[in-house]
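This is input-v4.cif. It holds mmCIF, C-alpha atoms.
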data_work
#
loop_
_atom_site.group_PDB
_atom_site.id
_atom_site.type_symbol
_atom_site.label_atom_id
_atom_site.label_comp_id
_atom_site.auth_asym_id
_atom_site.auth_seq_id
_atom_site.Cartn_x
_atom_site.Cartn_y
_atom_site.Cartn_z
ATOM 1 C CA MET T 1 1.737 46.044 -23.627
ATOM 2 C CA GLY T 2 -1.616 44.778 -22.457
ATOM 3 C CA LEU T 3 -3.047 41.291 -22.890
ATOM 4 C CA PRO T 4 -5.530 40.692 -25.688
ATOM 5 C CA ASN T 5 -9.149 40.891 -24.536
ATOM 6 C CA ALA T 6 -9.751 37.149 -24.916
ATOM 7 C CA ALA T 7 -6.633 36.199 -22.968
ATOM 8 C CA SER T 8 -7.381 38.817 -20.326
ATOM 9 C CA GLY T 9 -10.905 37.474 -19.970
ATOM 10 C CA ASP T 10 -9.676 33.882 -19.635
ATOM 11 C CA LEU T 11 -7.170 34.918 -16.951
ATOM 12 C CA SER T 12 -9.817 36.852 -15.054
ATOM 13 C CA SER T 13 -12.212 33.925 -15.267
ATOM 14 C CA GLN T 14 -9.546 31.487 -14.001
ATOM 15 C CA MET T 15 -8.765 33.779 -11.061
ATOM 16 C CA GLU T 16 -12.441 33.869 -10.162
ATOM 17 C CA VAL T 17 -12.629 30.054 -10.261
ATOM 18 C CA ASP T 18 -9.520 29.722 -8.067
ATOM 19 C CA ALA T 19 -10.892 32.257 -5.592
ATOM 20 C CA PHE T 20 -14.244 30.455 -5.442
ATOM 21 C CA ARG T 21 -12.416 27.133 -4.933
ATOM 22 C CA ARG T 22 -10.485 28.497 -1.957
ATOM 23 C CA LEU T 23 -13.347 30.415 -0.332
ATOM 24 C CA PHE T 24 -16.162 27.918 -0.898
ATOM 25 C CA PRO T 25 -14.525 24.489 -1.333
ATOM 26 C CA ILE T 26 -17.636 22.433 -0.527
ATOM 27 C CA GLN T 27 -19.790 24.333 -3.034
ATOM 28 C CA PHE T 28 -16.992 24.119 -5.612
ATOM 29 C CA TYR T 29 -16.797 20.347 -5.317
ATOM 30 C CA GLU T 30 -20.547 19.836 -5.176
ATOM 31 C CA ARG T 31 -20.924 21.635 -8.503
ATOM 32 C CA HIS T 32 -18.555 19.062 -10.013
ATOM 33 C CA LEU T 33 -20.133 16.121 -8.194
ATOM 34 C CA ALA T 34 -23.536 17.071 -9.591
ATOM 35 C CA GLU T 35 -22.004 16.474 -13.035
ATOM 36 C CA SER T 36 -20.407 13.176 -11.877
ATOM 37 C CA ILE T 37 -16.915 14.499 -12.502
ATOM 38 C CA ARG T 38 -14.099 15.760 -10.305
ATOM 39 C CA PRO T 39 -11.961 18.875 -10.737
ATOM 40 C CA ASP T 40 -9.050 16.776 -12.031
ATOM 41 C CA GLY T 41 -11.267 15.263 -14.722
ATOM 42 C CA ARG T 42 -11.715 11.825 -13.145
ATOM 43 C CA ALA T 43 -15.003 10.009 -12.810
ATOM 44 C CA LEU T 44 -16.112 9.618 -9.188
ATOM 45 C CA GLY T 45 -15.135 5.945 -8.972
ATOM 46 C CA LYS T 46 -11.858 6.147 -10.894
ATOM 47 C CA ALA T 47 -8.444 5.943 -9.221
ATOM 48 C CA ARG T 48 -5.416 7.902 -10.345
ATOM 49 C CA ASP T 49 -2.689 6.503 -12.594
ATOM 50 C CA THR T 50 -0.502 4.069 -10.658
ATOM 51 C CA THR T 51 3.073 2.887 -11.202
ATOM 52 C CA ILE T 52 5.476 0.536 -9.411
ATOM 53 C CA ALA T 53 9.263 0.427 -9.764
ATOM 54 C CA LEU T 54 11.097 -2.480 -8.135
ATOM 55 C CA GLY T 55 14.619 -2.320 -6.715
ATOM 56 C CA PRO T 56 15.262 1.436 -6.438
ATOM 57 C CA VAL T 57 17.388 0.961 -3.280
ATOM 58 C CA SER T 58 20.433 -1.158 -4.156
ATOM 59 C CA SER T 59 21.575 -1.513 -0.524
ATOM 60 C CA ALA T 60 18.272 -3.062 0.577
ATOM 61 C CA ASN T 61 17.326 -6.729 0.298
ATOM 62 C CA GLY T 62 14.036 -5.684 -1.258
ATOM 63 C CA SER T 63 12.627 -2.310 -2.255
ATOM 64 C CA ALA T 64 9.930 -0.625 -4.306
ATOM 65 C CA LEU T 65 8.722 2.821 -5.312
ATOM 66 C CA ALA T 66 4.932 3.124 -5.666
ATOM 67 C CA LYS T 67 3.090 6.143 -7.055
ATOM 68 C CA ILE T 68 -0.650 6.761 -7.036
ATOM 69 C CA GLY T 69 -1.101 10.057 -8.794
ATOM 70 C CA SER T 70 1.331 12.374 -7.016
ATOM 71 C CA THR T 71 1.340 10.326 -3.804
ATOM 72 C CA THR T 72 4.721 8.591 -3.670
ATOM 73 C CA MET T 73 5.986 5.900 -1.290
ATOM 74 C CA LEU T 74 9.419 4.306 -1.058
ATOM 75 C CA ALA T 75 9.594 0.965 0.774
ATOM 76 C CA ALA T 76 12.854 -0.791 1.665
ATOM 77 C CA ILE T 77 13.470 -4.073 3.511
ATOM 78 C CA LYS T 78 16.631 -5.020 5.375
ATOM 79 C CA MET T 79 17.048 -8.578 6.664
ATOM 80 C CA GLU T 80 18.843 -9.344 9.931
ATOM 81 C CA VAL T 81 19.312 -12.581 11.869
ATOM 82 C CA MET T 82 17.697 -12.730 15.305
ATOM 83 C CA THR T 83 16.960 -15.255 18.030
ATOM 84 C CA PRO T 84 13.283 -16.270 17.820
ATOM 85 C CA SER T 85 10.998 -15.974 20.811
ATOM 86 C CA VAL T 86 10.289 -18.911 23.083
ATOM 87 C CA GLU T 87 6.581 -18.687 22.186
ATOM 88 C CA SER T 88 7.300 -18.896 18.429
ATOM 89 C CA PRO T 89 10.590 -20.763 18.005
ATOM 90 C CA ASP T 90 9.984 -21.503 14.311
ATOM 91 C CA GLU T 91 8.885 -18.021 13.211
ATOM 92 C CA GLY T 92 10.615 -14.827 12.169
ATOM 93 C CA CYS T 93 9.343 -11.273 12.631
ATOM 94 C CA ILE T 94 8.477 -8.158 10.667
ATOM 95 C CA ALA T 95 9.202 -4.716 12.119
ATOM 96 C CA LEU T 96 7.503 -1.877 10.250
ATOM 97 C CA ASP T 97 8.123 1.858 10.441
ATOM 98 C CA PHE T 98 6.245 4.496 8.440
ATOM 99 C CA HIS T 99 7.986 7.840 7.993
ATOM 100 C CA MET T 100 6.573 11.208 6.930
ATOM 101 C CA PRO T 101 9.457 13.687 6.556
ATOM 102 C CA PRO T 102 8.645 17.405 6.255
ATOM 103 C CA VAL T 103 9.356 17.355 2.501
ATOM 104 C CA CYS T 104 6.295 15.191 1.838
ATOM 105 C CA SER T 105 3.652 17.775 2.723
ATOM 106 C CA PRO T 106 3.237 21.412 3.813
ATOM 107 C CA ILE T 107 1.263 20.265 6.860
ATOM 108 C CA VAL T 108 4.228 18.266 8.235
ATOM 109 C CA ARG T 109 6.410 20.592 10.280
ATOM 110 C CA PRO T 110 10.158 20.090 10.864
ATOM 111 C CA GLY T 111 10.939 18.762 14.321
ATOM 112 C CA ARG T 112 7.376 17.513 14.868
ATOM 113 C CA PRO T 113 6.233 13.991 14.016
ATOM 114 C CA ALA T 114 3.298 13.846 11.623
ATOM 115 C CA GLU T 115 0.077 12.898 13.408
ATOM 116 C CA ALA T 116 -0.891 10.473 10.651
ATOM 117 C CA ALA T 117 2.389 8.507 10.732
ATOM 118 C CA PRO T 118 1.795 6.263 13.800
ATOM 119 C CA VAL T 119 -1.824 5.653 12.755
ATOM 120 C CA ILE T 120 -0.836 4.505 9.262
ATOM 121 C CA SER T 121 2.057 2.471 10.673
ATOM 122 C CA LYS T 122 -0.281 0.556 13.012
ATOM 123 C CA GLN T 123 -2.838 0.087 10.236
ATOM 124 C CA LEU T 124 -0.161 -1.302 7.902
ATOM 125 C CA SER T 125 1.201 -3.709 10.530
ATOM 126 C CA ASP T 126 -2.287 -5.007 11.326
ATOM 127 C CA THR T 127 -3.124 -5.428 7.629
ATOM 128 C CA ILE T 128 0.061 -7.318 6.746
ATOM 129 C CA SER T 129 -0.421 -9.569 9.765
ATOM 130 C CA SER T 130 -4.138 -10.284 9.329
ATOM 131 C CA SER T 131 -3.997 -10.737 5.551
ATOM 132 C CA GLY T 132 -1.753 -13.791 5.829
ATOM 133 C CA MET T 133 0.454 -12.419 3.053
ATOM 134 C CA ILE T 134 3.583 -13.702 4.784
ATOM 135 C CA ASP T 135 3.912 -16.990 6.635
ATOM 136 C CA LEU T 136 6.344 -16.098 9.405
ATOM 137 C CA ARG T 137 7.577 -19.694 9.395
ATOM 138 C CA GLU T 138 9.106 -18.878 6.002
ATOM 139 C CA LEU T 139 11.469 -16.597 7.931
ATOM 140 C CA SER T 140 12.748 -19.362 10.220
ATOM 141 C CA LEU T 141 16.384 -20.487 9.838
ATOM 142 C CA VAL T 142 17.147 -22.868 12.714
ATOM 143 C CA LYS T 143 14.217 -23.671 15.007
ATOM 144 C CA GLY T 144 14.663 -22.046 18.395
ATOM 145 C CA LYS T 145 18.060 -20.620 17.450
ATOM 146 C CA ALA T 146 17.871 -18.311 14.447
ATOM 147 C CA ALA T 147 15.248 -16.593 12.322
ATOM 148 C CA TRP T 148 14.951 -13.577 10.058
ATOM 149 C CA MET T 149 13.867 -10.155 11.250
ATOM 150 C CA ALA T 150 12.558 -8.166 8.282
ATOM 151 C CA TYR T 151 12.895 -4.437 8.906
ATOM 152 C CA LEU T 152 10.433 -2.683 6.611
ATOM 153 C CA ASP T 153 10.773 1.100 6.346
ATOM 154 C CA ILE T 154 8.279 3.063 4.268
ATOM 155 C CA TYR T 155 9.006 6.700 3.435
ATOM 156 C CA CYS T 156 6.304 9.040 2.207
ATOM 157 C CA LEU T 157 7.959 11.261 -0.392
ATOM 158 C CA ASP T 158 4.813 13.068 -1.528
ATOM 159 C CA ALA T 159 1.562 13.064 0.450
ATOM 160 C CA ASP T 160 -1.292 13.847 -1.931
ATOM 161 C CA GLY T 161 -4.055 11.689 -0.493
ATOM 162 C CA SER T 162 -4.733 7.940 -0.119
ATOM 163 C CA LEU T 163 -1.518 7.513 1.868
ATOM 164 C CA PHE T 164 -2.417 4.091 3.235
ATOM 165 C CA ASP T 165 -3.199 2.705 -0.235
ATOM 166 C CA ALA T 166 0.161 3.787 -1.645
ATOM 167 C CA ALA T 167 2.053 2.640 1.466
ATOM 168 C CA LEU T 168 0.452 -0.822 1.397
ATOM 169 C CA LEU T 169 1.145 -1.134 -2.330
ATOM 170 C CA SER T 170 4.820 -0.209 -1.832
ATOM 171 C CA ALA T 171 5.120 -2.740 1.011
ATOM 172 C CA ALA T 172 3.594 -5.555 -1.065
ATOM 173 C CA ALA T 173 5.855 -4.662 -3.993
ATOM 174 C CA ALA T 174 8.956 -4.567 -1.778
ATOM 175 C CA PHE T 175 8.187 -8.036 -0.376
ATOM 176 C CA SER T 176 7.632 -9.258 -3.953
ATOM 177 C CA HIS T 177 11.104 -7.968 -4.815
ATOM 178 C CA LEU T 178 12.759 -9.278 -1.631
ATOM 179 C CA GLN T 179 15.642 -11.724 -1.951
ATOM 180 C CA ILE T 180 16.537 -13.531 1.264
ATOM 181 C CA PRO T 181 20.351 -13.594 1.677
ATOM 182 C CA VAL T 182 22.555 -16.679 1.837
ATOM 183 C CA VAL T 183 23.535 -17.668 5.384
ATOM 184 C CA ALA T 184 25.396 -20.601 6.911
ATOM 185 C CA LEU T 185 26.421 -22.044 10.250
ATOM 186 C CA ASN T 186 30.033 -21.296 11.179
ATOM 187 C CA ASP T 187 32.290 -23.458 13.322
ATOM 188 C CA ASP T 188 30.764 -21.997 16.501
ATOM 189 C CA GLY T 189 27.254 -22.899 15.407
ATOM 190 C CA ARG T 190 26.293 -19.312 14.706
ATOM 191 C CA VAL T 191 24.358 -18.183 11.659
ATOM 192 C CA VAL T 192 26.463 -15.820 9.548
ATOM 193 C CA PHE T 193 25.986 -14.098 6.201
ATOM 194 C CA VAL T 194 27.794 -15.607 3.223
ATOM 195 C CA SER T 195 28.872 -13.534 0.241
ATOM 196 C CA GLU T 196 27.928 -14.743 -3.223
ATOM 197 C CA GLU T 197 31.599 -15.445 -3.994
ATOM 198 C CA GLU T 198 32.072 -17.603 -0.893
ATOM 199 C CA GLY T 199 28.954 -19.715 -1.150
ATOM 200 C CA GLY T 200 28.988 -22.367 1.549
ATOM 201 C CA GLU T 201 32.445 -23.729 0.787
ATOM 202 C CA ASN T 202 34.277 -22.253 3.785
ATOM 203 C CA PHE T 203 31.961 -23.781 6.382
ATOM 204 C CA GLU T 204 32.064 -27.329 7.715
ATOM 205 C CA LYS T 205 28.282 -27.448 7.997
ATOM 206 C CA GLU T 206 25.759 -27.067 5.195
ATOM 207 C CA PRO T 207 24.532 -23.539 4.430
ATOM 208 C CA VAL T 208 21.110 -22.780 5.901
ATOM 209 C CA ASN T 209 20.234 -20.983 2.657
ATOM 210 C CA LYS T 210 22.266 -22.401 -0.246
ATOM 211 C CA GLU T 211 21.312 -19.499 -2.503
ATOM 212 C CA LYS T 212 19.289 -16.317 -2.438
ATOM 213 C CA ARG T 213 15.597 -17.094 -2.488
ATOM 214 C CA LYS T 214 12.380 -15.215 -2.982
ATOM 215 C CA LEU T 215 9.858 -14.980 -0.173
ATOM 216 C CA LYS T 216 6.646 -16.831 -0.911
ATOM 217 C CA LEU T 217 3.640 -14.512 -0.657
ATOM 218 C CA ASN T 218 0.387 -16.314 0.080
ATOM 219 C CA SER T 219 -2.150 -13.584 -0.573
ATOM 220 C CA VAL T 220 -1.311 -9.998 -1.442
ATOM 221 C CA PRO T 221 -3.643 -7.390 0.127
ATOM 222 C CA PHE T 222 -4.742 -4.346 -1.857
ATOM 223 C CA SER T 223 -6.727 -1.384 -0.593
ATOM 224 C CA LEU T 224 -8.846 1.490 -1.822
ATOM 225 C CA THR T 225 -9.688 4.622 0.137
ATOM 226 C CA CYS T 226 -13.017 6.284 -0.622
ATOM 227 C CA LEU T 227 -14.654 9.537 0.433
ATOM 228 C CA LEU T 228 -18.320 9.602 1.387
ATOM 229 C CA HIS T 229 -20.119 12.888 0.791
ATOM 230 C CA LYS T 230 -23.913 12.950 0.832
ATOM 231 C CA LYS T 231 -24.945 10.442 -1.854
ATOM 232 C CA TYR T 232 -21.540 10.472 -3.555
ATOM 233 C CA ILE T 233 -18.567 8.071 -3.283
ATOM 234 C CA LEU T 234 -15.175 9.289 -4.479
ATOM 235 C CA ALA T 235 -12.451 6.674 -5.018
ATOM 236 C CA ASP T 236 -8.783 7.419 -4.350
ATOM 237 C CA PRO T 237 -9.133 10.995 -3.039
ATOM 238 C CA THR T 238 -6.438 13.636 -3.319
ATOM 239 C CA ALA T 239 -5.203 15.526 -0.265
ATOM 240 C CA GLU T 240 -7.422 18.464 -1.181
ATOM 241 C CA GLU T 241 -10.495 16.240 -1.450
ATOM 242 C CA GLU T 242 -9.702 14.624 1.898
ATOM 243 C CA SER T 243 -9.435 18.050 3.548
ATOM 244 C CA VAL T 244 -12.770 19.211 2.135
ATOM 245 C CA MET T 245 -14.851 16.049 2.627
ATOM 246 C CA GLU T 246 -13.809 14.406 5.864
ATOM 247 C CA THR T 247 -15.625 11.043 5.893
ATOM 248 C CA ILE T 248 -13.031 8.496 4.763
ATOM 249 C CA VAL T 249 -13.451 4.751 4.316
ATOM 250 C CA THR T 250 -10.634 2.317 3.514
ATOM 251 C CA VAL T 251 -11.366 -1.224 2.329
ATOM 252 C CA VAL T 252 -8.670 -3.923 2.162
ATOM 253 C CA LEU T 253 -9.173 -7.122 0.160
ATOM 254 C CA ASP T 254 -6.817 -10.042 -0.385
ATOM 255 C CA SER T 255 -5.945 -11.627 -3.725
ATOM 256 C CA SER T 256 -9.016 -13.845 -3.634
ATOM 257 C CA GLY T 257 -11.334 -10.889 -3.043
ATOM 258 C CA GLN T 258 -11.965 -11.687 0.627
ATOM 259 C CA LEU T 259 -12.391 -8.779 3.043
ATOM 260 C CA VAL T 260 -9.314 -8.235 5.223
ATOM 261 C CA SER T 261 -10.321 -5.007 6.948
ATOM 262 C CA PHE T 262 -12.740 -2.092 6.808
ATOM 263 C CA TYR T 263 -11.500 1.154 8.307
ATOM 264 C CA LYS T 264 -13.598 4.253 8.963
ATOM 265 C CA PRO T 265 -11.962 6.788 11.304
ATOM 266 C CA GLY T 266 -15.023 8.850 12.186
ATOM 267 C CA GLY T 267 -16.571 11.408 9.862
ATOM 268 C CA SER T 268 -20.008 12.975 9.663
ATOM 269 C CA VAL T 269 -21.447 10.629 7.027
ATOM 270 C CA LEU T 270 -22.783 7.261 8.184
ATOM 271 C CA ALA T 271 -21.525 4.217 6.270
ATOM 272 C CA TYR T 272 -24.830 2.655 5.273
ATOM 273 C CA THR T 273 -24.906 -0.916 3.985
ATOM 274 C CA SER T 274 -25.356 0.208 0.380
ATOM 275 C CA ALA T 275 -22.391 2.585 0.640
ATOM 276 C CA VAL T 276 -20.211 -0.125 2.180
ATOM 277 C CA GLN T 277 -21.164 -2.548 -0.585
ATOM 278 C CA ASP T 278 -20.347 0.058 -3.239
ATOM 279 C CA CYS T 279 -16.953 0.725 -1.636
ATOM 280 C CA ILE T 280 -16.178 -2.995 -1.555
ATOM 281 C CA ALA T 281 -17.194 -3.327 -5.224
ATOM 282 C CA LEU T 282 -14.896 -0.444 -6.171
ATOM 283 C CA THR T 283 -12.069 -2.018 -4.142
ATOM 284 C CA ARG T 284 -12.564 -5.379 -5.855
ATOM 285 C CA GLN T 285 -12.203 -3.713 -9.237
ATOM 286 C CA ARG T 286 -9.207 -1.682 -8.070
ATOM 287 C CA SER T 287 -7.500 -4.791 -6.634
ATOM 288 C CA LYS T 288 -7.568 -6.437 -10.051
ATOM 289 C CA GLU T 289 -5.952 -3.349 -11.579
ATOM 290 C CA LEU T 290 -3.232 -3.251 -8.901
ATOM 291 C CA GLN T 291 -2.512 -6.971 -9.259
ATOM 292 C CA ILE T 292 -1.915 -6.483 -12.992
ATOM 293 C CA ILE T 293 0.378 -3.492 -12.324
ATOM 294 C CA LEU T 294 2.361 -5.468 -9.721
ATOM 295 C CA ASP T 295 2.623 -8.534 -11.981
ATOM 296 C CA GLU T 296 3.915 -6.369 -14.844
ATOM 297 C CA ALA T 297 6.535 -4.796 -12.571
ATOM 298 C CA ILE T 298 7.711 -8.241 -11.418
ATOM 299 C CA SER T 299 7.826 -9.548 -15.001
ATOM 300 C CA GLY T 300 9.792 -6.500 -16.136
ATOM 301 C CA MET T 301 12.285 -7.034 -13.317
ATOM 302 C CA GLU T 302 12.787 -10.691 -14.272
ATOM 303 C CA ILE T 303 13.418 -9.778 -17.907
ATOM 304 C CA ASP T 304 16.012 -7.199 -16.904
#
Is it possible to give me this structure as structure tokens?
Amino acid sequence: MGLPNAASGDLSSQMEVDAFRRLFPIQFYERHLAESIRPDGRALGKARDTTIALGPVSSANGSALAKIGSTTMLAAIKMEVMTPSVESPDEGCIALDFHMPPVCSPIVRPGRPAEAAPVISKQLSDTISSSGMIDLRELSLVKGKAAWMAYLDIYCLDADGSLFDAALLSAAAAFSHLQIPVVALNDDGRVVFVSEEEGGENFEKEPVNKEKRKLKLNSVPFSLTCLLHKKYILADPTAEEESVMETIVTVVLDSSGQLVSFYKPGGSVLAYTSAVQDCIALTRQRSKELQIILDEAISGMEID
């Protein structure tokens, strides 16, 4: 039994659109850009729907799942006691690893590390360090003897564009959820973990941490990745948009709206002053949205 004429015509028309999209991607997108709308229905400066879930990994000291559209990042923090360096005897450390397993994207091949992974990992480490979000002295336990090493692992579960934005958001959310464990000095003067049932009762010396505590965050950085194409600026691009229009700009601002970093890894379009200012303005607006989303996630966790 054949399809009705109308349905057959709609199917044929959709196939033609899909074929045109694959064969002439630039022309396909430029037709939409001329109407100030994107194929997914978003305005040029609008980011995708964003959600944060705190505490998805029960075995971690802090964790978060962040989604921007389909892009999904899982961040987990594990705290370990270390001996601080001689140069910084009253500071702890943060060790960050960014992972892109083959399941996250068709372009990531099994047995081969993703090319983007070390770049994003370095960018995340630099951003967390330069933003001043975490005072490393907050991670000190006993000056010159013991401090916290925070192992932050971020796993990309779905790579559909704006990977850095989602990764940074998951990291900030995980640190917001982090609870620093209780530790105490034992009879040998070593720092050891104390279970919640034990408290500090079994040790002759006072616990270093008498109870679990939250890590104080000074200024949370938020970012927005934009695509530059001719006179157009597209906020929060998808993977398809990034593959078609290659000039990418990422702006990072702190909670007070101050510029933390501006990242432009090449591309054919020059970042003129007006374009940079527009990207910063879009990031400032986006940062306010992300702060509200993060605050709501934290409030929901406290209520639970």
Hey, can you check how far CA of Asp158 (chain T) sits from CA of Ser63 (chain T)?
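For CA of Asp158 (chain T) relative to CA of Ser63 (chain T), the distance reads 17.3 Å.
Neighbouring residues of region 94-96 of chain T at 8 Å or closer, counting all atoms listed in the file and skipping chain neighbours under 4 positions away, are Ser121, Ser125, Met149, Ala150, Tyr151, Leu152, Asp153 and Ile154 of chain T.
Of the residues listed (T:Trp148, T:Tyr232, T:Phe262, T:Phe164), T:Trp148 shows the shortest atom-to-atom separation from Glu80 (chain T); distances use all atoms listed in the file.
Minimum atom-to-atom distance to Thr247 (chain T), evaluated using only C-alpha atoms, belongs to T:Thr225 out of T:Ser274, T:Thr283, T:Ser176, T:Thr225.
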Taking the file as shown, find all residues satisfying the PyMOL selection byres ((chain T and resi 89) around 12) and write them as a count of residues only.
23
For Pro101 (chain T), the nearest of the candidates T:Ala53, T:Ala19, T:Leu253, T:Met73, counting only C-alpha atoms
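Closest candidate: T:Met73.
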Using the file's own x, y and z axes, what box holds all listed atoms of region 279-288 of chain T with 5 Å on each side, keeping edges along x, y and z, and what are its centre and edge lengths in Å to one decimal, as JSON?
{"center_x": -12.3, "center_y": -2.9, "center_z": -5.8, "size_x": 19.7, "size_y": 17.2, "size_z": 18.5}
Taking (3.6, 14.6, -4.4) in the file's own coordinates, collect the residues within 7 Å, counting all atoms listed in the file, and hand them back as a short mmCIF file (atom, residue, chain, number, x, y, z; two decimals) with C-alpha atoms, in the frame of the given file.
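Final file, point.cif:
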data_model
loop_
_atom_site.label_atom_id
_atom_site.label_comp_id
_atom_site.auth_asym_id
_atom_site.auth_seq_id
_atom_site.Cartn_x
_atom_site.Cartn_y
_atom_site.Cartn_z
CA SER T 70 1.33 12.37 -7.02
CA THR T 71 1.34 10.33 -3.80
CA THR T 72 4.72 8.59 -3.67
CA CYS T 104 6.30 15.19 1.84
CA LEU T 157 7.96 11.26 -0.39
CA ASP T 158 4.81 13.07 -1.53
CA ALA T 159 1.56 13.06 0.45
CA ASP T 160 -1.29 13.85 -1.93
#
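Taken over the shown file, the PyMOL selection byres ((chain T and resi 30) around 12) identifies Arg21, Phe24, Pro25, Ile26, Gln27, Phe28, Tyr29, Arg31, His32, Leu33, Ala34, Glu35, Ser36, Ile37, Arg38, Pro39, Leu44, His229, Lys230, Lys231, Tyr232, Leu234, Glu241, Val244 and Met245 of chain T.
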CA of Ser58 (chain T) to CA of Ala172 (chain T): how many Å, to one decimal?
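Straight-line distance from CA of Ser58 (chain T) to CA of Ala172 (chain T) works out to 17.7 Å.
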For the atom pair CA of Leu227 (chain T) and CA of Met15 (chain T), what is the interatomic distance in Å to one decimal place?
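Straight-line distance from CA of Leu227 (chain T) to CA of Met15 (chain T) works out to 27.5 Å.
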Ground truth for the PyMOL selection byres ((chain T and resi 132) around 10), written as a PyMOL selection string:
chain T and resi 127-131+133-136+217-221+254+260
Taking 2 positions as the minimum chain separation for residues in the same chain, which residues sit within 12 Å of Gly55 (chain T) when counting all atoms listed in the file? Answer as a PyMOL selection string.
chain T and resi 52-53+57-66+74-77+170+173-179+297-298+300-302+304
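Closest approach to Arg213 (chain T) from the set T:Glu138, T:Asp18, T:Glu296, T:Glu246 is made by T:Glu138, with distances taken over all atoms listed in the file.
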9 Å contact set for Ala117 (chain T), only C-alpha atoms, chain neighbours under 2 positions out, as a count of residues only
11
